[in-house]
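Asks: The structure's right below; bear with me while I get my questions together.
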Amino acid sequence: MRAGDVLGRVTLVTGKEEFLNERTISAVRETVRAHDAEAELSETMASDLTLGTLGELSAPSLFSTVRCVVVRNLEHLPEESVEGLLGYAAAPADDVALVLAHGGGQKGSGVLTKLRKLKGVSESKSDELRPSEFAGFVAAEVRRHGSTIDQEAASFLVTAVGHDLRSLAAAAHQLTNDFLGQSLTVERVKQYFGGRAEAKSFAVADAAFSGRRQAALEELRWALDGGTAAVLVTSAFAGSARGLARYQGAVRGMREADLAREVGVPPWKLRSIREQSRGWSDAGLSRVIRAVAKADADIKGAASDPSYTLERLVLTVTALRDQH
């Protein structure tokens with residue numbers, strides 16, 4: 001990516017793959033900073049965007065004329081701000097890189113359609129990966145770090161870590177660092193990730209609590225086929241429910257690091273919890289906690305078919321999401 005690709009232009013970031021979207025946003029920022037080390041970086045939510053605030057964000061400062069402005073959650077752009085944003089996007093300032101990030105879905109699609117027709121707008125779209133594409137993603141990540149991985153090793157890593165792109169990218173980075181310049185084989189991957197069945201359990205829970213029923217069922221089948229113990233799945237569900245409950249009960253206005261400690265998760269995990277929490281009410285979470293407790297009891301002896309119990313749990317959780 002070159003400075004000319006982003007400065008004086010609008011980069012439209014769309015799709016539901018949060019990790020890939022964040023990578024694009026980071027790449028734009030890094031390109032701007034490489035062009036001008038003194039460039040100013042700023043960020044705002046679309047819901048707070050007005051013509052006035054956009055002007056302030058994109059205007060030159062006393063210290064630098066080059067700026068990178070990131071506007072997140074474009075789907076929540078107020079109707080009264082649409083015309084002003086489209087007007088700016090039609091003639092963006094030469095020394096400003098504007099990034100507009102849309103989280104997917106139909107909301108705000110009319111604005112996307114209009115933006116795509118403008119000459120100064122470039123789109124980076126991240127489609128959700130199909131199960132068959134995750135091994136290819138791993139191979140690409142390994143190549144980014146100057147190494148190679150065979151198909152069996154890539155597939156094993158996906159089975160061990162699950163379908164979270166951030167976790168897969170981190171695993172690929174760790175392996176290429178520790179086996180610098182060496183091709184990654186399934187034996188080398190197993191040295192690090194052979195016992196990561198619990199990671200697959202959390203992939204099931206994350207998909208379920210995000211309301212992605214089909215993905216959660218697919219992750220569940222992958223986990224059970226890979227030998228993941230049913231009790232690890234119910235444990236992951238219980239952990240997700242507790243995390244959401246702590247997040248919703250936390251005092252508003254806390255710093256990210258303090259909030260992460262309060263919730264009991266690493267700081268990077270807060271974003272996914274924040275996204276998940278938008279679909280959950282206190283009543284819904286209370287019902288989920290009871291459902292998880294019942295499933296855990298069934299798994300530990302009250303039921304004869306763990307697979308059926310876990311599938312029922314996934315269906316229950318995804319059905320309760322967005323109910324108020």
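Labels for the structure tokens follow display order: chains A, B, ..., residues from 1 in each chain, ligands from 1.
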Name all residues at most 12 Å from Ser132 (chain A) (count only C-alpha atoms; drop same-chain ones fewer than 6 positions away) and give them as number ranges by chain.
Replies: A: 138, 151, 154-155, 158-159, 163, 218, 222
Asks: May I have the residues within 9 Å of Ser286 (chain A) as a ChimeraX atom specification, using only C-alpha atoms and disregarding those fewer than 5 positions away in the same chain?
Replies: /A:241,245,281,291
Asks: Dump N, CA, C and O atoms for the selected residues as an mmCIF file, in the first residue's frame?
Replies:
data_model
loop_
_atom_site.group_PDB
_atom_site.id
_atom_site.type_symbol
_atom_site.label_atom_id
_atom_site.label_comp_id
_atom_site.auth_asym_id
_atom_site.auth_seq_id
_atom_site.Cartn_x
_atom_site.Cartn_y
_atom_site.Cartn_z
ATOM 1 N N ALA A 241 -20.807 -16.519 29.288
ATOM 2 C CA ALA A 241 -21.958 -15.932 29.979
ATOM 3 C C ALA A 241 -21.506 -15.067 31.151
ATOM 4 O O ALA A 241 -22.018 -13.956 31.367
ATOM 5 N N ALA A 245 -22.011 -11.016 31.583
ATOM 6 C CA ALA A 245 -22.708 -10.506 32.767
ATOM 7 C C ALA A 245 -21.836 -9.490 33.504
ATOM 8 O O ALA A 245 -22.319 -8.440 33.949
ATOM 9 N N SER A 281 -29.910 -8.970 26.852
ATOM 10 C CA SER A 281 -30.523 -8.286 27.991
ATOM 11 C C SER A 281 -30.150 -9.050 29.253
ATOM 12 O O SER A 281 -29.675 -10.196 29.195
ATOM 13 N N ALA A 291 -29.607 -22.328 31.352
ATOM 14 C CA ALA A 291 -29.512 -23.342 30.293
ATOM 15 C C ALA A 291 -28.138 -24.002 30.285
ATOM 16 O O ALA A 291 -28.011 -25.220 30.085
#
Asks: Identify, on the basis of only C-alpha atoms, every residue whose closest approach to Ala230 (chain A) does not exceed 10 Å; exclude the query and any residue fewer than 5 positions from it along the same chain; express the result as a PyMOL selection string.
Replies: chain A and resi 201+220+223-224+235+295-296+299-300+306-307+309-310
Asks: Could you please write out, as a PyMOL selection string, every residue of region 3-246 of chain A that DSSP assigns to strand (DSSP E or B)?
Replies: chain A and resi 9-15+40-45+67-72+96-101+121-126+149+184
Asks: A:Leu313, A:Val251, A:Leu20, A:Leu74: which is nearest Val263 (chain A), counting only C-alpha atoms?
Replies: A:Val251
Asks: Just asking: which residues within region 57-100 of chain A are helix (DSSP H, G or I) according to DSSP, as a ChimeraX atom specification?
Replies: /A:57-58,74-76,79-90
Asks: May I have the selected residues written with all heavy atoms, as a CSV table (one decimal), in the first residue's frame?
Replies:
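The result, written out as out_7.csv:
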chain,number,residue,atom,x,y,z
A,57,LEU,N,-11.9,17.1,12.2
A,57,LEU,CA,-11.0,15.9,12.1
A,57,LEU,C,-10.1,16.0,10.9
A,57,LEU,O,-8.9,15.5,10.9
A,57,LEU,CB,-11.8,14.6,12.1
A,57,LEU,CG,-12.6,14.2,13.3
A,57,LEU,CD1,-13.6,13.1,13.1
A,57,LEU,CD2,-11.6,13.7,14.4
A,58,SER,N,-10.6,16.5,9.8
A,58,SER,CA,-9.8,16.5,8.5
A,58,SER,C,-9.0,17.8,8.3
A,58,SER,O,-8.2,17.9,7.4
A,58,SER,CB,-10.7,16.2,7.4
A,58,SER,OG,-11.8,17.2,7.3
A,74,LEU,N,-20.0,2.8,10.5
A,74,LEU,CA,-20.7,3.6,9.5
A,74,LEU,C,-22.2,3.4,9.4
A,74,LEU,O,-23.0,4.2,9.0
A,74,LEU,CB,-20.1,3.5,8.1
A,74,LEU,CG,-20.5,4.4,7.0
A,74,LEU,CD1,-20.2,5.9,7.4
A,74,LEU,CD2,-19.9,4.0,5.7
A,75,GLU,N,-22.6,2.2,9.8
A,75,GLU,CA,-24.0,1.8,9.7
A,75,GLU,C,-24.9,2.7,10.7
A,75,GLU,O,-26.1,2.7,10.5
A,75,GLU,CB,-24.2,0.3,10.0
A,75,GLU,CG,-23.8,-0.1,11.4
A,75,GLU,CD,-22.3,-0.6,11.4
A,75,GLU,OE1,-21.5,-0.2,10.5
A,75,GLU,OE2,-22.0,-1.4,12.3
A,76,HIS,N,-24.2,3.3,11.6
A,76,HIS,CA,-24.9,4.1,12.6
A,76,HIS,C,-24.8,5.6,12.3
A,76,HIS,O,-25.1,6.5,13.2
A,76,HIS,CB,-24.4,3.9,14.0
A,76,HIS,CG,-24.6,2.4,14.5
A,76,HIS,ND1,-25.8,1.8,14.4
A,76,HIS,CD2,-23.8,1.5,15.0
A,76,HIS,CE1,-25.7,0.6,14.9
A,76,HIS,NE2,-24.5,0.4,15.2
A,79,GLU,N,-28.8,10.3,9.8
A,79,GLU,CA,-29.4,10.6,8.5
A,79,GLU,C,-29.0,12.1,8.1
A,79,GLU,O,-28.7,12.3,7.0
A,79,GLU,CB,-30.9,10.5,8.5
A,79,GLU,CG,-31.5,10.7,7.2
A,79,GLU,CD,-31.1,9.7,6.1
A,79,GLU,OE1,-30.9,8.6,6.5
A,79,GLU,OE2,-31.0,10.1,4.9
A,80,GLU,N,-28.9,13.0,9.1
A,80,GLU,CA,-28.6,14.4,8.8
A,80,GLU,C,-27.2,14.6,8.4
A,80,GLU,O,-26.8,15.6,7.9
A,80,GLU,CB,-29.0,15.3,10.0
A,80,GLU,CG,-28.3,14.9,11.3
A,80,GLU,CD,-29.0,14.0,12.2
A,80,GLU,OE1,-29.9,13.2,11.6
A,80,GLU,OE2,-28.8,13.9,13.4
A,81,SER,N,-26.3,13.6,8.7
A,81,SER,CA,-24.9,13.7,8.4
A,81,SER,C,-24.5,13.0,7.0
A,81,SER,O,-23.4,13.2,6.6
A,81,SER,CB,-24.1,13.1,9.5
A,81,SER,OG,-24.3,13.7,10.7
A,82,VAL,N,-25.5,12.3,6.4
A,82,VAL,CA,-25.2,11.6,5.2
A,82,VAL,C,-24.7,12.5,4.1
A,82,VAL,O,-23.7,12.3,3.4
A,82,VAL,CB,-26.4,10.7,4.7
A,82,VAL,CG1,-26.2,10.2,3.3
A,82,VAL,CG2,-26.7,9.6,5.7
A,83,GLU,N,-25.5,13.6,3.8
A,83,GLU,CA,-25.2,14.5,2.7
A,83,GLU,C,-23.8,15.1,2.9
A,83,GLU,O,-23.0,15.2,1.9
A,83,GLU,CB,-26.3,15.5,2.6
A,83,GLU,CG,-26.1,16.5,1.4
A,83,GLU,CD,-27.2,17.5,1.3
A,83,GLU,OE1,-28.2,17.3,2.0
A,83,GLU,OE2,-27.1,18.4,0.5
A,84,GLY,N,-23.5,15.5,4.1
A,84,GLY,CA,-22.2,16.1,4.3
A,84,GLY,C,-21.0,15.2,4.1
A,84,GLY,O,-20.0,15.5,3.5
A,85,LEU,N,-21.2,13.9,4.5
A,85,LEU,CA,-20.1,12.9,4.3
A,85,LEU,C,-20.0,12.6,2.8
A,85,LEU,O,-18.8,12.5,2.3
A,85,LEU,CB,-20.5,11.6,5.1
A,85,LEU,CG,-19.5,10.5,5.0
A,85,LEU,CD1,-18.1,10.9,5.5
A,85,LEU,CD2,-20.0,9.2,5.7
A,86,LEU,N,-21.1,12.4,2.1
A,86,LEU,CA,-21.0,12.1,0.7
A,86,LEU,C,-20.3,13.3,0.0
A,86,LEU,O,-19.5,13.1,-1.0
A,86,LEU,CB,-22.4,11.9,0.1
A,86,LEU,CG,-23.0,10.6,0.6
A,86,LEU,CD1,-24.5,10.5,0.1
A,86,LEU,CD2,-22.3,9.4,0.1
A,87,GLY,N,-20.6,14.5,0.4
A,87,GLY,CA,-20.0,15.7,-0.2
A,87,GLY,C,-18.5,15.7,0.0
A,87,GLY,O,-17.8,16.0,-1.0
A,88,TYR,N,-18.1,15.4,1.2
A,88,TYR,CA,-16.6,15.3,1.4
A,88,TYR,C,-16.0,14.2,0.6
A,88,TYR,O,-14.9,14.4,0.0
A,88,TYR,CB,-16.3,15.1,2.9
A,88,TYR,CG,-14.9,14.9,3.2
A,88,TYR,CD1,-14.0,16.0,3.4
A,88,TYR,CD2,-14.3,13.6,3.1
A,88,TYR,CE1,-12.7,15.8,3.6
A,88,TYR,CE2,-12.9,13.5,3.3
A,88,TYR,CZ,-12.1,14.6,3.5
A,88,TYR,OH,-10.8,14.4,3.7
A,89,ALA,N,-16.6,13.0,0.6
A,89,ALA,CA,-16.1,11.9,-0.1
A,89,ALA,C,-16.0,12.1,-1.6
A,89,ALA,O,-15.1,11.5,-2.3
A,89,ALA,CB,-16.9,10.6,0.1
A,90,ALA,N,-16.8,13.0,-2.1
A,90,ALA,CA,-16.7,13.3,-3.6
A,90,ALA,C,-15.5,14.2,-3.9
A,90,ALA,O,-15.0,14.2,-5.1
A,90,ALA,CB,-18.0,14.1,-4.0
Asks: Near Asp282 (chain A), counting only C-alpha atoms, which residues have an atom at most 12 Å away, once you skip same-chain residues fewer than 2 positions from it, shown as a list in words?
Replies: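 Result of the neighbour search: Ala241, Arg242, Leu244, Ala245, Arg246, Tyr247, Gln248, Gly249, Ser277, Arg278, Gly279, Trp280, Gly284, Leu285, Ser286, Arg287, Val288, Ile289, Leu320, Arg321, Asp322, Gln323 and His324 of chain A.
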Asks: Emit the selected residues as a PDB file, in the first residue's frame, including N, CA and C atoms.
Replies:
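As a result, part.pdb now contains:
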ATOM      1  N   ALA A 241     -20.807 -16.519  29.288  1.00  0.00           N
ATOM      2  CA  ALA A 241     -21.958 -15.932  29.979  1.00  0.00           C
ATOM      3  C   ALA A 241     -21.506 -15.067  31.151  1.00  0.00           C
ATOM      4  N   ARG A 242     -20.523 -15.559  31.909  1.00  0.00           N
ATOM      5  CA  ARG A 242     -20.010 -14.779  33.042  1.00  0.00           C
ATOM      6  C   ARG A 242     -19.359 -13.491  32.567  1.00  0.00           C
ATOM      7  N   LEU A 244     -19.966 -11.756  29.824  1.00  0.00           N
ATOM      8  CA  LEU A 244     -20.997 -10.809  29.390  1.00  0.00           C
ATOM      9  C   LEU A 244     -21.714 -10.195  30.589  1.00  0.00           C
ATOM     10  N   ALA A 245     -22.011 -11.016  31.583  1.00  0.00           N
ATOM     11  CA  ALA A 245     -22.708 -10.506  32.767  1.00  0.00           C
ATOM     12  C   ALA A 245     -21.836  -9.490  33.504  1.00  0.00           C
ATOM     13  N   ARG A 246     -20.548  -9.782  33.638  1.00  0.00           N
ATOM     14  CA  ARG A 246     -19.644  -8.838  34.312  1.00  0.00           C
ATOM     15  C   ARG A 246     -19.505  -7.547  33.507  1.00  0.00           C
ATOM     16  N   TYR A 247     -19.446  -7.683  32.180  1.00  0.00           N
ATOM     17  CA  TYR A 247     -19.323  -6.491  31.342  1.00  0.00           C
ATOM     18  C   TYR A 247     -20.550  -5.600  31.496  1.00  0.00           C
ATOM     19  N   GLN A 248     -21.722  -6.201  31.446  1.00  0.00           N
ATOM     20  CA  GLN A 248     -22.945  -5.410  31.542  1.00  0.00           C
ATOM     21  C   GLN A 248     -23.130  -4.811  32.934  1.00  0.00           C
ATOM     22  N   GLY A 249     -22.545  -5.444  33.942  1.00  0.00           N
ATOM     23  CA  GLY A 249     -22.673  -4.929  35.298  1.00  0.00           C
ATOM     24  C   GLY A 249     -21.572  -3.964  35.703  1.00  0.00           C
ATOM     25  N   SER A 277     -22.497  -8.029  23.569  1.00  0.00           N
ATOM     26  CA  SER A 277     -23.400  -7.535  24.616  1.00  0.00           C
ATOM     27  C   SER A 277     -24.580  -6.765  24.046  1.00  0.00           C
ATOM     28  N   ARG A 278     -24.437  -6.220  22.826  1.00  0.00           N
ATOM     29  CA  ARG A 278     -25.515  -5.437  22.234  1.00  0.00           C
ATOM     30  C   ARG A 278     -26.754  -6.278  21.953  1.00  0.00           C
ATOM     31  N   GLY A 279     -26.591  -7.590  21.909  1.00  0.00           N
ATOM     32  CA  GLY A 279     -27.741  -8.446  21.635  1.00  0.00           C
ATOM     33  C   GLY A 279     -28.296  -9.133  22.871  1.00  0.00           C
ATOM     34  N   TRP A 280     -27.780  -8.747  24.062  1.00  0.00           N
ATOM     35  CA  TRP A 280     -28.188  -9.477  25.265  1.00  0.00           C
ATOM     36  C   TRP A 280     -28.784  -8.551  26.313  1.00  0.00           C
ATOM     37  N   GLY A 284     -32.221 -12.190  29.340  1.00  0.00           N
ATOM     38  CA  GLY A 284     -31.731 -13.199  28.403  1.00  0.00           C
ATOM     39  C   GLY A 284     -30.503 -13.915  28.945  1.00  0.00           C
ATOM     40  N   LEU A 285     -29.575 -13.152  29.532  1.00  0.00           N
ATOM     41  CA  LEU A 285     -28.373 -13.766  30.101  1.00  0.00           C
ATOM     42  C   LEU A 285     -28.719 -14.669  31.281  1.00  0.00           C
ATOM     43  N   SER A 286     -29.684 -14.251  32.076  1.00  0.00           N
ATOM     44  CA  SER A 286     -30.105 -15.081  33.209  1.00  0.00           C
ATOM     45  C   SER A 286     -30.634 -16.426  32.730  1.00  0.00           C
ATOM     46  N   ARG A 287     -31.422 -16.406  31.666  1.00  0.00           N
ATOM     47  CA  ARG A 287     -31.959 -17.655  31.122  1.00  0.00           C
ATOM     48  C   ARG A 287     -30.849 -18.508  30.518  1.00  0.00           C
ATOM     49  N   VAL A 288     -29.868 -17.871  29.903  1.00  0.00           N
ATOM     50  CA  VAL A 288     -28.749 -18.616  29.321  1.00  0.00           C
ATOM     51  C   VAL A 288     -27.940 -19.302  30.415  1.00  0.00           C
ATOM     52  N   ILE A 289     -27.680 -18.579  31.497  1.00  0.00           N
ATOM     53  CA  ILE A 289     -26.900 -19.170  32.595  1.00  0.00           C
ATOM     54  C   ILE A 289     -27.585 -20.424  33.131  1.00  0.00           C
ATOM     55  N   LEU A 320     -32.102 -17.149  22.272  1.00  0.00           N
ATOM     56  CA  LEU A 320     -32.326 -16.165  23.341  1.00  0.00           C
ATOM     57  C   LEU A 320     -31.693 -14.813  23.026  1.00  0.00           C
ATOM     58  N   ARG A 321     -30.696 -14.806  22.164  1.00  0.00           N
ATOM     59  CA  ARG A 321     -30.053 -13.533  21.821  1.00  0.00           C
ATOM     60  C   ARG A 321     -31.082 -12.601  21.140  1.00  0.00           C
ATOM     61  N   ASP A 322     -31.001 -11.355  21.452  1.00  0.00           N
ATOM     62  CA  ASP A 322     -31.874 -10.305  20.907  1.00  0.00           C
ATOM     63  C   ASP A 322     -33.292 -10.370  21.450  1.00  0.00           C
ATOM     64  N   GLN A 323     -33.560 -11.254  22.436  1.00  0.00           N
ATOM     65  CA  GLN A 323     -34.876 -11.262  23.083  1.00  0.00           C
ATOM     66  C   GLN A 323     -34.815 -10.390  24.327  1.00  0.00           C
ATOM     67  N   HIS A 324     -35.784  -9.522  24.455  1.00  0.00           N
ATOM     68  CA  HIS A 324     -35.780  -8.567  25.586  1.00  0.00           C
ATOM     69  C   HIS A 324     -37.088  -8.674  26.371  1.00  0.00           C
TER      70      HIS A 324
END
Asks: Determine the nearest neighbour of Val189 (chain A) from the options A:Leu270, A:Ile149, A:Ala203, A:Ala169, counting only C-alpha atoms.
Replies: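 The shortest atom-to-atom distance to Val189 (chain A) comes from A:Ile149.
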Asks: Find the residue from A:Arg72, A:Pro92, A:Asp150, A:Gly239 that sits nearest to Gly120 (chain A); use only C-alpha atoms when measuring.
Replies: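 Closest residue, counting only C-alpha atoms: A:Pro92.
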Asks: What is the distance between CA of Lys269 (chain A) and CA of Gly243 (chain A), in Å to one decimal?
Replies: 10.0 Å
Asks: Which polymer residues have any atom within 9 Å of an atom of Leu168 (chain A), counting only C-alpha atoms, with same-chain residues fewer than 5 positions away left out, as a PyMOL selection string?
Replies: chain A and resi 134+137-138+141+157-158+161-163+173
Asks: Could you turn the residues from that selection into a file that holds N, CA and C atoms, as a JSON list (two decimals), in the first residue's frame?
Replies:
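Result file follows (out-v8.json):
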[["chain", "number", "residue", "atom", "x", "y", "z"],
["A", 134, "PHE", "N", -10.13, -21.79, 5.82],
["A", 134, "PHE", "CA", -9.29, -21.40, 6.96],
["A", 134, "PHE", "C", -7.85, -21.90, 6.84],
["A", 137, "PHE", "N", -6.05, -19.51, 4.76],
["A", 137, "PHE", "CA", -5.74, -18.31, 5.51],
["A", 137, "PHE", "C", -4.47, -18.51, 6.33],
["A", 138, "VAL", "N", -4.35, -19.67, 7.00],
["A", 138, "VAL", "CA", -3.16, -19.97, 7.78],
["A", 138, "VAL", "C", -1.92, -19.97, 6.90],
["A", 141, "GLU", "N", -0.91, -16.49, 6.12],
["A", 141, "GLU", "CA", -0.30, -15.84, 7.28],
["A", 141, "GLU", "C", 1.14, -16.28, 7.45],
["A", 157, "LEU", "N", -3.69, -27.05, 12.52],
["A", 157, "LEU", "CA", -3.70, -25.82, 13.31],
["A", 157, "LEU", "C", -5.12, -25.25, 13.41],
["A", 158, "VAL", "N", -5.86, -25.32, 12.32],
["A", 158, "VAL", "CA", -7.25, -24.84, 12.33],
["A", 158, "VAL", "C", -8.09, -25.69, 13.29],
["A", 161, "VAL", "N", -6.93, -24.72, 16.96],
["A", 161, "VAL", "CA", -7.15, -23.35, 17.43],
["A", 161, "VAL", "C", -8.58, -22.90, 17.21],
["A", 162, "GLY", "N", -9.23, -23.40, 16.15],
["A", 162, "GLY", "CA", -10.59, -22.97, 15.84],
["A", 162, "GLY", "C", -10.64, -21.94, 14.73],
["A", 163, "HIS", "N", -11.79, -21.30, 14.56],
["A", 163, "HIS", "CA", -12.02, -20.42, 13.42],
["A", 163, "HIS", "C", -11.91, -18.93, 13.74],
["A", 173, "HIS", "N", 2.12, -16.58, 13.64],
["A", 173, "HIS", "CA", 3.25, -15.71, 13.98],
["A", 173, "HIS", "C", 4.17, -16.37, 14.99]]
Asks: Give me, please, the distance in Å between CA of Glu123 (chain A) and CA of Leu54 (chain A), quoted to one decimal.
Replies: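 These two atoms are separated by 19.9 Å.
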